[in-house]
2 protein chains.
Amino acid sequence: MTNIEKINSKLNENFAEKGFRLTAPRKAVLSILSQNMNHPTVEEIYLQVHENYPSIGMMTVYRTLDLLVEWGVVHKFDFSEGKARYELIDHPDGIGHHHHLICHNCKKIINYTDFIDEEFKFITKLEKQLSKKHKFQITKHIIEFYGVCDSCVINN
Amino acid sequence: MTNIEKINSKLNENFAEKGFRLTAPRKAVLSILSQNMNHPTVEEIYLQVHENYPSIGMMTVYRTLDLLVEWGVVHKFDFSEGKARYELIDHPDGIGHHHHLICHNCKKIINYTDFIDEEFKFITKLEKQLSKKHKFQITKHIIEFYGVCDSCVINN
DNA sequence: GTTATATTGATAATGGTTATCATTAACATA
DNA sequence: TATGTTAATGATAACCATTATCAATATAAC
Ligand SMILES: [Mn+2]
Ligand SMILES: [Mn+2]
Ligand SMILES: [Zn+2]
Ligand SMILES: [Zn+2]
C-alpha cells in the first residue's frame with residue numbers, strides 16, 4: 001500500500017461515512033501538498049492552487065486544511081511566525097516520522113530523522129510516565145530545535 | 001545567591017552597560033511576573049500591573065516583556081492560542097527548569113519536572129549530534145505534550 | 001431532473017501584535 | 001539644583017492572519 005493509497009483510503013473513510021464530498025478545490029489543495037516538501041503556509045498553498053484553479057478562494061484553502069488536519073492527513077505547525085505551516089503526514093516522497101530544526105534568522109526548516117527511533121522510544125516512555133503521574137491523556141508531542149543554520153552563521 | 005538576586009544582577013548588567021533605565025513600569029511588570037506562576041498573557045499582565053499603576057499602557061507591557069525575553073530573564077511561550085504567554089525563568093517560588101503539559105480543552109498548563117534530568121541529558125546529547133550533522137547551532141529546544149487533562153476527561 | 005444539503009467564495013469582522021510620533025521621564029553633567 | 005541628552009512612554013492607527021457570515025453554487029442521492 002503506497003502512501004498515496006493510504007491517503008486516499010483515509011479520505012474515503014471520511015467521505016463515505018460522514019457525507020463529505022471530494023470536490024475539485026479539495027483535490028487541488030491535496031495535490032499541491034503532495035508536490036511540496038517545504039511546509040507551506042496557507043497563502044503559499046493558495047497561490048499554487050490558484051495557478052491551476054483561479055476561482056478558488058482563500059477561505060476554501062483554510063477550510064480544506066482544517067479538514068485534512070482533523071482527518072489526520074496533514075500536520076499543522078506553529079513555528080511562532082504568526083502564521084501556520086502545513087505538511088502532508090504520509091508524503092509520497094516523504095521521509096516519514098521526523099522532527100525539525102528551525103533557523104531563527106532565515107526561517108529555514110530542516111527535517112531530520114537522525115536518532116528518530118531512539119527519540120521516539122524515549123518520548124514514548126516519558127509520555128507513559130507523565131501521563132500516569134499527572135493523570136493527563138497525551139495526544140501529541142512537540143519537539144523542535146531552534147537556532148542558526150549553516151548559511152546564516154557564515155553570513156554574519 | 002537567591003533567584004531574586006540573580007534576576008537583579010542580570011538586570012543590572014543590562015542597565016549599567018547598555019544605558020537602559022530601570023523605570024517604574026518595568027519594575028511593576030517584573031513584580032507581577034514574580035508573583036505569578038501561571039504563564040500569564042500580555043493582557044493578564046497588563047491588567048494586574050494596571051491595578052497598582054493605572055497610567056501604564058499596553059504598549060509598555062509589550063515592550064518590557066520583549067526586553068526581559070531578550071535579556072534572558074523571561075521565557076516567551078506560544079501554545080498556539082493566538083497569543084503569547086510569559087514566565088519568569090528564575091522564579092522565586094519556582095521549580096526551576098521544567099516543561100509543560102497543555103490541555104487542548106481547557107488550556108490548563110501543567111509544569112512538570114519529573115524525569116527532567118534524564119530528559120535534559122537525552123536532549124543535550126541529541127542536540128550535540130544534530131548540531132554536528134546538520135551544521136546547525138542550536139540555541140533553544142521546545143518539548144511540549146498536548147492532550148486532555150484529568151478534569152476535562154471526567155467532564156466529557 | 002429534482003431535491004436536500006454540503007461546499008464555496010466574497011466580504012466584513014476580529015483580535016493580537018507592531019508602527020508611529022509627540023510627550024514625558026531618567027540619568028549624567030555642570 | 002538646574003540643564004541637556006536621550007531613553008522610555010502611551011495614545012492612536014495600522015497590520016495581518018484567521019474567523020464569521022451568508023447568499024450563491026455544486027454535489028450526490030433519489
Ligand atoms: Mn517536516
Ligand atoms: Mn511553566
Ligand atoms: Zn538560516
Ligand atoms: Zn483541561
# chains A, B, ... in the order shown; residues from 1 in each chain; ligands from 1
>>> select_by_dssp(residues="segment 15-91 of chain B", states="strand (DSSP E or B)", output="PDB file with N, CA, C and O atoms, in the first residue's frame")
ATOM      1  N   THR B  41      -0.771  35.935  30.004  1.00  0.00           N
ATOM      2  CA  THR B  41      -0.691  36.592  28.698  1.00  0.00           C
ATOM      3  C   THR B  41      -0.352  38.063  28.898  1.00  0.00           C
ATOM      4  O   THR B  41      -0.356  38.566  30.022  1.00  0.00           O
ATOM      5  N   VAL B  74      13.079  36.197  31.081  1.00  0.00           N
ATOM      6  CA  VAL B  74      11.710  35.702  30.916  1.00  0.00           C
ATOM      7  C   VAL B  74      11.625  34.779  29.703  1.00  0.00           C
ATOM      8  O   VAL B  74      12.304  35.004  28.695  1.00  0.00           O
ATOM      9  N   HIS B  75      10.829  33.718  29.829  1.00  0.00           N
ATOM     10  CA  HIS B  75      10.529  32.856  28.684  1.00  0.00           C
ATOM     11  C   HIS B  75       9.233  33.297  28.028  1.00  0.00           C
ATOM     12  O   HIS B  75       8.260  33.593  28.708  1.00  0.00           O
ATOM     13  N   LYS B  76       9.243  33.313  26.697  1.00  0.00           N
ATOM     14  CA  LYS B  76       8.026  33.583  25.939  1.00  0.00           C
ATOM     15  C   LYS B  76       7.546  32.262  25.360  1.00  0.00           C
ATOM     16  O   LYS B  76       8.322  31.542  24.728  1.00  0.00           O
ATOM     17  N   PHE B  77       6.280  31.939  25.583  1.00  0.00           N
ATOM     18  CA  PHE B  77       5.739  30.687  25.073  1.00  0.00           C
ATOM     19  C   PHE B  77       4.634  30.932  24.064  1.00  0.00           C
ATOM     20  O   PHE B  77       3.888  31.909  24.165  1.00  0.00           O
ATOM     21  N   ARG B  85       2.371  33.688  25.903  1.00  0.00           N
ATOM     22  CA  ARG B  85       2.354  33.593  27.363  1.00  0.00           C
ATOM     23  C   ARG B  85       3.777  33.739  27.874  1.00  0.00           C
ATOM     24  O   ARG B  85       4.735  33.412  27.179  1.00  0.00           O
ATOM     25  N   TYR B  86       3.897  34.268  29.117  1.00  0.00           N
ATOM     26  CA  TYR B  86       5.227  34.576  29.649  1.00  0.00           C
ATOM     27  C   TYR B  86       5.448  33.947  31.009  1.00  0.00           C
ATOM     28  O   TYR B  86       4.508  33.713  31.771  1.00  0.00           O
ATOM     29  N   GLU B  87       6.724  33.706  31.308  1.00  0.00           N
ATOM     30  CA  GLU B  87       7.070  33.080  32.592  1.00  0.00           C
ATOM     31  C   GLU B  87       8.479  33.513  32.992  1.00  0.00           C
ATOM     32  O   GLU B  87       9.402  33.457  32.178  1.00  0.00           O
ATOM     33  N   LEU B  88       8.608  33.943  34.237  1.00  0.00           N
ATOM     34  CA  LEU B  88       9.913  34.292  34.775  1.00  0.00           C
ATOM     35  C   LEU B  88      10.777  33.036  34.818  1.00  0.00           C
ATOM     36  O   LEU B  88      10.333  31.994  35.288  1.00  0.00           O
TER      37      LEU B  88
END
>>> interface_residues(of="chain C", to="chain A", cutoff="10 Å", atoms="only C-alpha atoms (C1' of nucleotides)", output="MDAnalysis selection string")
chainID C and resid 5:10 16:17
>>> residues_around(residues="Asn155 of chain B", least_positions_apart="5", cutoff="12 Å", atoms="only C-alpha atoms (C1' of nucleotides)", output="list in words")
Asn105, Cys106, Val148, Cys149 and Asp150 of chain B
>>> write_last_selection(atoms="N, CA, C and O atoms", output="PDB file, in the first residue's frame")
ATOM      1  N   ASN B 105      -8.366  21.166  25.752  1.00  0.00           N
ATOM      2  CA  ASN B 105      -9.749  21.535  26.024  1.00  0.00           C
ATOM      3  C   ASN B 105      -9.847  22.803  26.866  1.00  0.00           C
ATOM      4  O   ASN B 105     -10.455  23.792  26.449  1.00  0.00           O
ATOM      5  N   CYS B 106      -9.249  22.794  28.069  1.00  0.00           N
ATOM      6  CA  CYS B 106      -9.415  23.936  28.974  1.00  0.00           C
ATOM      7  C   CYS B 106      -8.180  24.834  29.011  1.00  0.00           C
ATOM      8  O   CYS B 106      -8.151  25.823  29.743  1.00  0.00           O
ATOM      9  N   VAL B 148      -5.415  15.860  27.034  1.00  0.00           N
ATOM     10  CA  VAL B 148      -6.628  16.175  27.788  1.00  0.00           C
ATOM     11  C   VAL B 148      -6.355  15.956  29.272  1.00  0.00           C
ATOM     12  O   VAL B 148      -5.931  14.874  29.671  1.00  0.00           O
ATOM     13  N   CYS B 149      -6.595  16.981  30.074  1.00  0.00           N
ATOM     14  CA  CYS B 149      -6.297  16.898  31.499  1.00  0.00           C
ATOM     15  C   CYS B 149      -7.371  16.103  32.238  1.00  0.00           C
ATOM     16  O   CYS B 149      -8.428  15.791  31.688  1.00  0.00           O
ATOM     17  N   ASP B 150      -7.049  15.814  33.495  1.00  0.00           N
ATOM     18  CA  ASP B 150      -7.897  14.999  34.348  1.00  0.00           C
ATOM     19  C   ASP B 150      -9.350  15.469  34.363  1.00  0.00           C
ATOM     20  O   ASP B 150     -10.267  14.718  34.042  1.00  0.00           O
TER      21      ASP B 150
END
>>> residues_near_ligand(ligand="ligand 2", cutoff="7 Å", atoms="only C-alpha atoms (C1' of nucleotides) and all ligand atoms", output="list of chain:residue names")
B:His39, B:Glu87, B:His98, B:His99, B:His100, B:Asn111
>>> write_last_selection(atoms="N, CA and C atoms", output="PDB file, in the first residue's frame")
ATOM      1  N   HIS B  39       1.887  31.459  33.852  1.00  0.00           N
ATOM      2  CA  HIS B  39       2.082  31.736  32.431  1.00  0.00           C
ATOM      3  C   HIS B  39       1.089  32.762  31.900  1.00  0.00           C
ATOM      4  N   GLU B  87       6.724  33.706  31.308  1.00  0.00           N
ATOM      5  CA  GLU B  87       7.070  33.080  32.592  1.00  0.00           C
ATOM      6  C   GLU B  87       8.479  33.513  32.992  1.00  0.00           C
ATOM      7  N   HIS B  98      11.832  23.309  33.699  1.00  0.00           N
ATOM      8  CA  HIS B  98      10.720  22.374  33.566  1.00  0.00           C
ATOM      9  C   HIS B  98      10.100  22.482  32.183  1.00  0.00           C
ATOM     10  N   HIS B  99       9.244  21.532  31.882  1.00  0.00           N
ATOM     11  CA  HIS B  99       8.490  21.569  30.627  1.00  0.00           C
ATOM     12  C   HIS B  99       6.996  21.522  30.946  1.00  0.00           C
ATOM     13  N   HIS B 100       6.170  21.438  29.872  1.00  0.00           N
ATOM     14  CA  HIS B 100       4.725  21.620  30.072  1.00  0.00           C
ATOM     15  C   HIS B 100       3.845  20.554  29.444  1.00  0.00           C
ATOM     16  N   ASN B 111       3.072  22.389  34.811  1.00  0.00           N
ATOM     17  CA  ASN B 111       4.531  22.330  34.854  1.00  0.00           C
ATOM     18  C   ASN B 111       4.944  20.945  35.321  1.00  0.00           C
TER      19      ASN B 111
END
>>> atom_distance(atom1="atom CA of Cys152 of chain A", atom2="atom CA of Asp78 of chain B")
24.1 Å
>>> interface_residues(of="chain B", to="chain A", cutoff="7 Å", atoms="only C-alpha atoms", output="list in words")
Asp78, Ser80, Lys135, Phe136, Gln137, Ile138, Thr139, Lys140, His141, Ile142, Ile143, Glu144, Phe145, Tyr146, Gly147, Val148, Cys149 and Asp150 of chain B
>>> write_last_selection(atoms="all heavy atoms", output="short mmCIF file (atom, residue, chain, number, x, y, z; two decimals), in the first residue's frame")
data_model
loop_
_atom_site.label_atom_id
_atom_site.label_comp_id
_atom_site.auth_asym_id
_atom_site.auth_seq_id
_atom_site.Cartn_x
_atom_site.Cartn_y
_atom_site.Cartn_z
N ASP B 78 4.55 30.02 23.12
CA ASP B 78 3.48 30.08 22.13
C ASP B 78 2.80 28.72 22.13
O ASP B 78 3.30 27.77 21.55
CB ASP B 78 4.09 30.39 20.76
CG ASP B 78 3.03 30.49 19.70
OD1 ASP B 78 1.87 30.13 19.96
OD2 ASP B 78 3.36 30.92 18.57
N SER B 80 0.05 28.06 20.75
CA SER B 80 -0.88 28.04 19.62
C SER B 80 -2.29 28.46 20.00
O SER B 80 -3.26 27.90 19.55
CB SER B 80 -0.92 26.65 18.98
OG SER B 80 0.33 26.35 18.41
N LYS B 135 25.15 20.97 10.80
CA LYS B 135 25.85 22.25 10.90
C LYS B 135 24.88 23.35 11.32
O LYS B 135 24.69 24.35 10.64
CB LYS B 135 26.50 22.62 9.56
CG LYS B 135 27.49 21.60 9.05
CD LYS B 135 28.27 22.18 7.88
CE LYS B 135 28.96 21.08 7.07
NZ LYS B 135 29.65 20.08 7.90
N PHE B 136 24.23 23.12 12.44
CA PHE B 136 23.15 23.98 12.92
C PHE B 136 23.40 24.30 14.38
O PHE B 136 23.47 23.41 15.22
CB PHE B 136 21.81 23.25 12.74
CG PHE B 136 20.61 24.10 12.95
CD1 PHE B 136 19.99 24.74 11.88
CD2 PHE B 136 20.05 24.25 14.22
CE1 PHE B 136 18.85 25.51 12.08
CE2 PHE B 136 18.93 25.03 14.43
CZ PHE B 136 18.32 25.66 13.34
N GLN B 137 23.56 25.58 14.69
CA GLN B 137 23.81 25.98 16.08
C GLN B 137 22.50 26.07 16.85
O GLN B 137 21.75 27.01 16.67
CB GLN B 137 24.49 27.36 16.12
CG GLN B 137 25.97 27.34 15.85
CD GLN B 137 26.59 28.72 16.02
OE1 GLN B 137 25.94 29.65 16.52
NE2 GLN B 137 27.84 28.86 15.61
N ILE B 138 22.26 25.11 17.71
CA ILE B 138 21.00 25.08 18.46
C ILE B 138 21.08 26.00 19.66
O ILE B 138 22.02 25.96 20.44
CB ILE B 138 20.68 23.64 18.88
CG1 ILE B 138 20.42 22.79 17.63
CG2 ILE B 138 19.47 23.61 19.81
CD1 ILE B 138 20.29 21.32 17.90
N THR B 139 20.07 26.88 19.77
CA THR B 139 20.05 27.84 20.88
C THR B 139 18.89 27.58 21.84
O THR B 139 18.85 28.14 22.92
CB THR B 139 19.91 29.28 20.36
OG1 THR B 139 18.74 29.37 19.55
CG2 THR B 139 21.11 29.66 19.52
N LYS B 140 17.95 26.74 21.41
CA LYS B 140 16.74 26.58 22.21
C LYS B 140 15.98 25.33 21.78
O LYS B 140 15.94 25.00 20.60
CB LYS B 140 15.87 27.83 22.00
CG LYS B 140 14.42 27.73 22.40
CD LYS B 140 13.73 29.05 22.12
CE LYS B 140 12.25 28.88 21.80
NZ LYS B 140 11.58 30.10 21.38
N HIS B 141 15.41 24.62 22.74
CA HIS B 141 14.57 23.47 22.37
C HIS B 141 13.17 23.68 22.93
O HIS B 141 12.97 24.36 23.93
CB HIS B 141 15.17 22.16 22.89
CG HIS B 141 15.29 22.08 24.37
ND1 HIS B 141 16.49 22.03 25.03
CD2 HIS B 141 14.34 22.03 25.35
CE1 HIS B 141 16.29 21.95 26.33
NE2 HIS B 141 14.99 21.96 26.56
N ILE B 142 12.24 23.10 22.24
CA ILE B 142 10.86 23.10 22.71
C ILE B 142 10.41 21.66 22.84
O ILE B 142 10.47 20.89 21.88
CB ILE B 142 9.93 23.85 21.74
CG1 ILE B 142 10.30 25.33 21.69
CG2 ILE B 142 8.48 23.68 22.14
CD1 ILE B 142 9.39 26.14 20.80
N ILE B 143 9.99 21.29 24.05
CA ILE B 143 9.38 19.98 24.28
C ILE B 143 8.08 20.20 25.01
O ILE B 143 8.07 20.72 26.12
CB ILE B 143 10.31 19.08 25.12
CG1 ILE B 143 11.63 18.91 24.41
CG2 ILE B 143 9.66 17.73 25.38
CD1 ILE B 143 12.61 18.04 25.16
N GLU B 144 6.99 19.85 24.36
CA GLU B 144 5.68 20.06 24.96
C GLU B 144 4.79 18.86 24.67
O GLU B 144 4.88 18.26 23.61
CB GLU B 144 5.00 21.30 24.35
CG GLU B 144 5.66 22.61 24.74
CD GLU B 144 5.27 23.75 23.80
OE1 GLU B 144 4.49 23.50 22.86
OE2 GLU B 144 5.76 24.86 24.01
N PHE B 145 3.93 18.57 25.64
CA PHE B 145 2.96 17.50 25.42
C PHE B 145 1.56 18.07 25.50
O PHE B 145 1.21 18.77 26.45
CB PHE B 145 3.14 16.40 26.47
CG PHE B 145 4.47 15.71 26.37
CD1 PHE B 145 5.53 16.07 27.19
CD2 PHE B 145 4.68 14.72 25.43
CE1 PHE B 145 6.77 15.45 27.08
CE2 PHE B 145 5.91 14.09 25.31
CZ PHE B 145 6.96 14.45 26.14
N TYR B 146 0.77 17.79 24.48
CA TYR B 146 -0.61 18.25 24.42
C TYR B 146 -1.54 17.06 24.66
O TYR B 146 -1.23 15.93 24.30
CB TYR B 146 -0.92 18.88 23.07
CG TYR B 146 -0.27 20.22 22.88
CD1 TYR B 146 1.08 20.32 22.57
CD2 TYR B 146 -1.00 21.39 23.02
CE1 TYR B 146 1.68 21.56 22.41
CE2 TYR B 146 -0.40 22.63 22.86
CZ TYR B 146 0.94 22.71 22.55
OH TYR B 146 1.54 23.93 22.41
N GLY B 147 -2.69 17.35 25.24
CA GLY B 147 -3.64 16.28 25.46
C GLY B 147 -4.85 16.75 26.23
O GLY B 147 -5.26 17.91 26.11
N VAL B 148 -5.41 15.86 27.03
CA VAL B 148 -6.63 16.17 27.79
C VAL B 148 -6.35 15.96 29.27
O VAL B 148 -5.93 14.87 29.67
CB VAL B 148 -7.80 15.29 27.34
CG1 VAL B 148 -9.08 15.75 27.99
CG2 VAL B 148 -7.92 15.28 25.84
N CYS B 149 -6.59 16.98 30.07
CA CYS B 149 -6.30 16.90 31.50
C CYS B 149 -7.37 16.10 32.24
O CYS B 149 -8.43 15.79 31.69
CB CYS B 149 -6.17 18.29 32.09
SG CYS B 149 -7.73 19.09 32.45
N ASP B 150 -7.05 15.81 33.50
CA ASP B 150 -7.90 15.00 34.35
C ASP B 150 -9.35 15.47 34.36
O ASP B 150 -10.27 14.72 34.04
CB ASP B 150 -7.33 15.05 35.77
CG ASP B 150 -7.84 13.90 36.61
OD1 ASP B 150 -8.32 12.92 36.02
OD2 ASP B 150 -7.74 13.99 37.84
#
>>> select_by_dssp(residues="chain B", states="alpha helix (DSSP H)", output="count of residues only")
75
>>> residues_around(residues="DA28 of chain C", least_positions_apart="4", cutoff="12 Å", atoms="only C-alpha atoms (C1' of nucleotides)", output="list in words")
Gly19 of chain B; DT3, DG4, DT5 and DT6 of chain D
>>> interface_residues(of="chain D", to="chain B", cutoff="12 Å", atoms="only C-alpha atoms (C1' of nucleotides)", output="number ranges by chain")
D: 6-12, 17-18
>>> write_last_selection(atoms="C-alpha atoms (C1' of nucleotides)", output="PDB file, in the first residue's frame")
ATOM      1  C1'  DT D   6      18.283  60.639  25.048  1.00  0.00           C
ATOM      2  C1'  DA D   7      15.657  56.575  26.566  1.00  0.00           C
ATOM      3  C1'  DA D   8      11.022  55.415  27.599  1.00  0.00           C
ATOM      4  C1'  DT D   9       6.196  56.025  27.469  1.00  0.00           C
ATOM      5  C1'  DG D  10       1.360  55.881  25.932  1.00  0.00           C
ATOM      6  C1'  DA D  11      -2.382  57.196  22.704  1.00  0.00           C
ATOM      7  C1'  DT D  12      -3.536  56.040  18.334  1.00  0.00           C
ATOM      8  C1'  DA D  17      -3.512  36.061   9.828  1.00  0.00           C
ATOM      9  C1'  DT D  18      -7.533  33.971  10.937  1.00  0.00           C
TER      10       DT D  18
END
>>> closest_residue(among="B:Asp90, B:Lys108, B:Ala28, B:Asp117", to="ligand 4", atoms="only C-alpha atoms and all ligand atoms")
B:Lys108
>>> atom_distance(atom1="atom CA of Val42 of chain A", atom2="atom C1' of DT21 of chain D")
20.9 Å
>>> atom_distance(atom1="atom CA of Glu13 of chain B", atom2="atom CA of Val61 of chain B")
21.0 Å
>>> closest_residue(among="A:Thr64, A:Trp71, A:Ile45, A:Ser34", to="Ser9 of chain A", atoms="only C-alpha atoms")
A:Trp71
>>> decode(residues="segment 24-35 of chain B", atoms="all heavy atoms", output="JSON list (two decimals), in the first residue's frame")
[["chain", "number", "residue", "atom", "x", "y", "z"],
["B", 24, "ALA", "N", 9.72, 52.75, 36.61],
["B", 24, "ALA", "CA", 8.60, 52.24, 37.40],
["B", 24, "ALA", "C", 7.78, 51.19, 36.64],
["B", 24, "ALA", "O", 7.49, 50.12, 37.20],
["B", 24, "ALA", "CB", 7.71, 53.40, 37.84],
["B", 25, "PRO", "N", 7.40, 51.45, 35.38],
["B", 25, "PRO", "CA", 6.63, 50.44, 34.65],
["B", 25, "PRO", "C", 7.38, 49.10, 34.56],
["B", 25, "PRO", "O", 6.77, 48.04, 34.70],
["B", 25, "PRO", "CB", 6.47, 51.05, 33.26],
["B", 25, "PRO", "CG", 6.64, 52.49, 33.45],
["B", 25, "PRO", "CD", 7.57, 52.68, 34.60],
["B", 26, "ARG", "N", 8.69, 49.15, 34.33],
["B", 26, "ARG", "CA", 9.45, 47.91, 34.21],
["B", 26, "ARG", "C", 9.48, 47.17, 35.53],
["B", 26, "ARG", "O", 9.33, 45.94, 35.58],
["B", 26, "ARG", "CB", 10.88, 48.23, 33.73],
["B", 26, "ARG", "CG", 10.89, 48.61, 32.27],
["B", 26, "ARG", "CD", 12.24, 49.02, 31.76],
["B", 26, "ARG", "NE", 12.11, 49.44, 30.36],
["B", 26, "ARG", "CZ", 13.11, 49.89, 29.62],
["B", 26, "ARG", "NH1", 14.32, 50.00, 30.14],
["B", 26, "ARG", "NH2", 12.89, 50.23, 28.36],
["B", 27, "LYS", "N", 9.68, 47.90, 36.61],
["B", 27, "LYS", "CA", 9.67, 47.26, 37.93],
["B", 27, "LYS", "C", 8.30, 46.62, 38.19],
["B", 27, "LYS", "O", 8.22, 45.52, 38.73],
["B", 27, "LYS", "CB", 9.97, 48.29, 39.03],
["B", 27, "LYS", "CG", 11.45, 48.57, 39.21],
["B", 27, "LYS", "CD", 11.68, 49.43, 40.45],
["B", 27, "LYS", "CE", 12.50, 50.66, 40.10],
["B", 27, "LYS", "NZ", 12.62, 51.63, 41.18],
["B", 28, "ALA", "N", 7.25, 47.33, 37.78],
["B", 28, "ALA", "CA", 5.89, 46.82, 38.02],
["B", 28, "ALA", "C", 5.65, 45.52, 37.26],
["B", 28, "ALA", "O", 5.11, 44.56, 37.83],
["B", 28, "ALA", "CB", 4.87, 47.87, 37.60],
["B", 29, "VAL", "N", 6.05, 45.47, 36.00],
["B", 29, "VAL", "CA", 5.87, 44.25, 35.21],
["B", 29, "VAL", "C", 6.64, 43.10, 35.83],
["B", 29, "VAL", "O", 6.13, 41.99, 35.99],
["B", 29, "VAL", "CB", 6.31, 44.47, 33.74],
["B", 29, "VAL", "CG1", 6.38, 43.14, 33.00],
["B", 29, "VAL", "CG2", 5.36, 45.41, 33.02],
["B", 30, "LEU", "N", 7.88, 43.37, 36.19],
["B", 30, "LEU", "CA", 8.72, 42.35, 36.79],
["B", 30, "LEU", "C", 8.12, 41.83, 38.09],
["B", 30, "LEU", "O", 8.13, 40.63, 38.38],
["B", 30, "LEU", "CB", 10.12, 42.93, 37.03],
["B", 30, "LEU", "CG", 11.31, 41.99, 37.04],
["B", 30, "LEU", "CD1", 11.25, 41.02, 35.87],
["B", 30, "LEU", "CD2", 12.59, 42.80, 37.01],
["B", 31, "SER", "N", 7.58, 42.77, 38.86],
["B", 31, "SER", "CA", 6.98, 42.40, 40.14],
["B", 31, "SER", "C", 5.79, 41.48, 39.94],
["B", 31, "SER", "O", 5.63, 40.47, 40.64],
["B", 31, "SER", "CB", 6.56, 43.67, 40.88],
["B", 31, "SER", "OG", 5.64, 43.36, 41.89],
["B", 32, "ILE", "N", 4.95, 41.81, 38.97],
["B", 32, "ILE", "CA", 3.78, 40.96, 38.68],
["B", 32, "ILE", "C", 4.23, 39.58, 38.24],
["B", 32, "ILE", "O", 3.68, 38.56, 38.68],
["B", 32, "ILE", "CB", 2.89, 41.62, 37.61],
["B", 32, "ILE", "CG1", 2.18, 42.84, 38.17],
["B", 32, "ILE", "CG2", 1.87, 40.62, 37.07],
["B", 32, "ILE", "CD1", 1.33, 42.55, 39.39],
["B", 33, "LEU", "N", 5.26, 39.53, 37.39],
["B", 33, "LEU", "CA", 5.75, 38.23, 36.92],
["B", 33, "LEU", "C", 6.26, 37.37, 38.07],
["B", 33, "LEU", "O", 6.08, 36.15, 38.08],
["B", 33, "LEU", "CB", 6.85, 38.42, 35.89],
["B", 33, "LEU", "CG", 6.36, 38.72, 34.48],
["B", 33, "LEU", "CD1", 7.53, 39.07, 33.57],
["B", 33, "LEU", "CD2", 5.60, 37.53, 33.91],
["B", 34, "SER", "N", 6.88, 38.02, 39.06],
["B", 34, "SER", "CA", 7.44, 37.24, 40.17],
["B", 34, "SER", "C", 6.36, 36.82, 41.16],
["B", 34, "SER", "O", 6.60, 36.02, 42.04],
["B", 34, "SER", "CB", 8.53, 38.04, 40.88],
["B", 34, "SER", "OG", 7.95, 39.15, 41.53],
["B", 35, "GLN", "N", 5.16, 37.37, 40.99],
["B", 35, "GLN", "CA", 4.04, 36.97, 41.84],
["B", 35, "GLN", "C", 3.14, 35.94, 41.17],
["B", 35, "GLN", "O", 2.17, 35.48, 41.74],
["B", 35, "GLN", "CB", 3.17, 38.19, 42.20],
["B", 35, "GLN", "CG", 3.85, 39.16, 43.15],
["B", 35, "GLN", "CD", 3.07, 40.48, 43.19],
["B", 35, "GLN", "OE1", 1.85, 40.50, 43.22],
["B", 35, "GLN", "NE2", 3.81, 41.57, 43.17]]
